[in-house]
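Asks: I am attaching a structure below and will ask some questions about it afterwards.
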Amino acid sequence: NTEAQPPTSKALPSASATNGLRIILSFIGEDTITIPASQSRTPQLAALSGGRTSKDVIVLSQLRAARAAAAKGVPVVLDAGSYKPVFEELLPLAGEVICAAGFRHPTGRGPEGLLGVGPRMVAASHGGDPLRWWTGAASGQVEPPAVRVRDTLGAGDVLHGGYAFARGCGAEPVAALGFAVRVASLRVQHLGPFAWRTALAAAAEDFRAALGVAV
């Protein structure tokens, strides 16, 4: 195929530790991703989610983003969900991983077994059941609040986004997990993908106070 191919788009999302401001560093048509020294604010977090195959544009972009973040000492958080082949390269770069309770590595490792391949903290979501977490020195769980569940569409994405936001604001991993569970619990109480945002805006001050850091 000799037709000209459109340039590949790549992006490195991050959140400011001081005010939670989200920053997207975009790179069009480049083979590598670097974090420019001219940035007035160094990204505080790289949040990644693996694609399907090693040839996916998303996968290639995220590998480059993870390597660039790791080289700068920027924490890398991986939304693992279920196993994908690219995780063999992403897991050693990720300091923190959140996956589904049914996650299984081809070696037979469950979520907690991922601690042996790179991450310092691994968490597994269980829907309405407690979210479990593990580090090399401790383990525990986060109990979700009792709520009326009306719509779970996107709840996992909200959980991961809430975690990334909290970490970017400076919260420690376990505190960030608690924050993420609270936000996801708010999401499932509302029908449709957008209606819950009104409730989120109304509860913003309470969520900031619960986070325990300056937002």
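Lettering and numbering for the structure tokens are positional, with chains as A, B, ... in the shown order, residues counted from 1 in each chain, and ligands counted from 1 in the shown order.
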Tell me, which residues of stretch 116-207 of chain A carry DSSP alpha helix (DSSP H), written as a PDB file with C-alpha atoms, in the first residue's frame?
Replies:
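Ended up saving to part.pdb:
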```
ATOM      1  CA  ALA A 155     -18.858   3.021  36.445  1.00  0.00           C
ATOM      2  CA  GLY A 156     -15.473   1.382  35.921  1.00  0.00           C
ATOM      3  CA  ASP A 157     -14.240   4.343  33.901  1.00  0.00           C
ATOM      4  CA  VAL A 158     -15.447   6.694  36.638  1.00  0.00           C
ATOM      5  CA  LEU A 159     -13.600   4.598  39.225  1.00  0.00           C
ATOM      6  CA  HIS A 160     -10.349   4.817  37.284  1.00  0.00           C
ATOM      7  CA  GLY A 161     -10.829   8.502  36.518  1.00  0.00           C
ATOM      8  CA  GLY A 162     -11.574   9.271  40.155  1.00  0.00           C
ATOM      9  CA  TYR A 163      -8.430   7.446  41.212  1.00  0.00           C
ATOM     10  CA  ALA A 164      -6.269   9.283  38.691  1.00  0.00           C
ATOM     11  CA  PHE A 165      -7.762  12.624  39.756  1.00  0.00           C
ATOM     12  CA  ALA A 166      -7.122  11.934  43.437  1.00  0.00           C
ATOM     13  CA  ARG A 167      -3.546  10.789  42.848  1.00  0.00           C
ATOM     14  CA  GLY A 168      -2.902  13.810  40.664  1.00  0.00           C
ATOM     15  CA  PRO A 173      -2.960   5.392  46.805  1.00  0.00           C
ATOM     16  CA  VAL A 174      -5.291   3.961  49.476  1.00  0.00           C
ATOM     17  CA  ALA A 175      -6.960   7.327  50.062  1.00  0.00           C
ATOM     18  CA  ALA A 176      -7.304   7.747  46.300  1.00  0.00           C
ATOM     19  CA  LEU A 177      -9.030   4.359  46.082  1.00  0.00           C
ATOM     20  CA  GLY A 178     -11.528   5.443  48.725  1.00  0.00           C
ATOM     21  CA  PHE A 179     -12.222   8.637  46.804  1.00  0.00           C
ATOM     22  CA  ALA A 180     -12.646   6.716  43.550  1.00  0.00           C
ATOM     23  CA  VAL A 181     -15.129   4.284  45.112  1.00  0.00           C
ATOM     24  CA  ARG A 182     -17.217   7.189  46.424  1.00  0.00           C
ATOM     25  CA  VAL A 183     -17.328   8.872  43.017  1.00  0.00           C
ATOM     26  CA  ALA A 184     -18.215   5.615  41.229  1.00  0.00           C
ATOM     27  CA  SER A 185     -20.943   4.982  43.813  1.00  0.00           C
ATOM     28  CA  LEU A 186     -22.436   8.356  42.937  1.00  0.00           C
ATOM     29  CA  ARG A 187     -22.347   7.517  39.228  1.00  0.00           C
ATOM     30  CA  TRP A 196     -24.922  12.095  37.256  1.00  0.00           C
ATOM     31  CA  ARG A 197     -22.628  15.038  36.530  1.00  0.00           C
ATOM     32  CA  THR A 198     -25.173  17.439  38.026  1.00  0.00           C
ATOM     33  CA  ALA A 199     -25.045  15.460  41.263  1.00  0.00           C
ATOM     34  CA  LEU A 200     -21.249  15.416  41.094  1.00  0.00           C
ATOM     35  CA  ALA A 201     -21.119  19.201  40.771  1.00  0.00           C
ATOM     36  CA  ALA A 202     -23.485  19.574  43.730  1.00  0.00           C
ATOM     37  CA  ALA A 204     -17.996  18.724  44.726  1.00  0.00           C
ATOM     38  CA  GLU A 205     -17.199  20.442  48.019  1.00  0.00           C
ATOM     39  CA  ASP A 206     -17.918  17.291  50.007  1.00  0.00           C
ATOM     40  CA  PHE A 207     -15.699  15.269  47.701  1.00  0.00           C
TER      41      PHE A 207
END
```
Asks: Rank nothing, just name the residue among A:Ala123, A:Leu91, A:Ala47, A:Ala210 nearest to A:Val74, using only C-alpha atoms.
Replies: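 For A:Val74, the nearest of the given residues is A:Ala47.
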Asks: Which residues, written as a VMD selection string, have at least one atom at most 10 Å from A:Ala70, with only C-alpha atoms counted and residues fewer than 5 positions away on the same chain left out?
Replies: chain A and resid 46 64 to 65 75 to 76 93 to 95
Asks: Export N, CA and C atoms of the chosen residues as a short mmCIF file (atom, residue, chain, number, x, y, z; two decimals), in the first residue's frame?
Replies:
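Written out: result_17.cif:
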```cif
data_model
loop_
_atom_site.label_atom_id
_atom_site.label_comp_id
_atom_site.auth_asym_id
_atom_site.auth_seq_id
_atom_site.Cartn_x
_atom_site.Cartn_y
_atom_site.Cartn_z
N ALA A 46 0.50 9.77 34.82
CA ALA A 46 0.15 9.27 33.49
C ALA A 46 -0.83 8.13 33.68
N ARG A 64 4.74 4.35 24.51
CA ARG A 64 5.66 5.49 24.44
C ARG A 64 5.39 6.48 25.56
N ALA A 65 4.10 6.70 25.85
CA ALA A 65 3.75 7.61 26.94
C ALA A 65 4.25 7.07 28.27
N PRO A 75 4.52 9.15 37.99
CA PRO A 75 3.83 7.89 38.28
C PRO A 75 2.93 7.45 37.13
N VAL A 76 2.95 6.16 36.86
CA VAL A 76 2.13 5.58 35.80
C VAL A 76 1.06 4.70 36.43
N LEU A 93 6.23 -0.96 33.78
CA LEU A 93 6.33 0.50 33.81
C LEU A 93 5.32 1.13 34.76
N ALA A 94 4.29 0.37 35.13
CA ALA A 94 3.19 0.91 35.94
C ALA A 94 3.47 0.72 37.42
N GLY A 95 3.39 1.81 38.17
CA GLY A 95 3.56 1.71 39.61
C GLY A 95 2.28 1.28 40.31
#
```
Asks: Grab the atom CA of A:Gly192 to atom CA of A:Ala100 distance for me, in Å with one decimal place.
Replies: 22.3 Å
Asks: I'd like the contact shell of stretch 132-140 of chain A - 12 Å cut-off, only C-alpha atoms, skipping same-chain residues fewer than 4 positions apart - returned as a PyMOL selection string.
Replies: chain A and resi 95-101+110-128+144+173-178+181
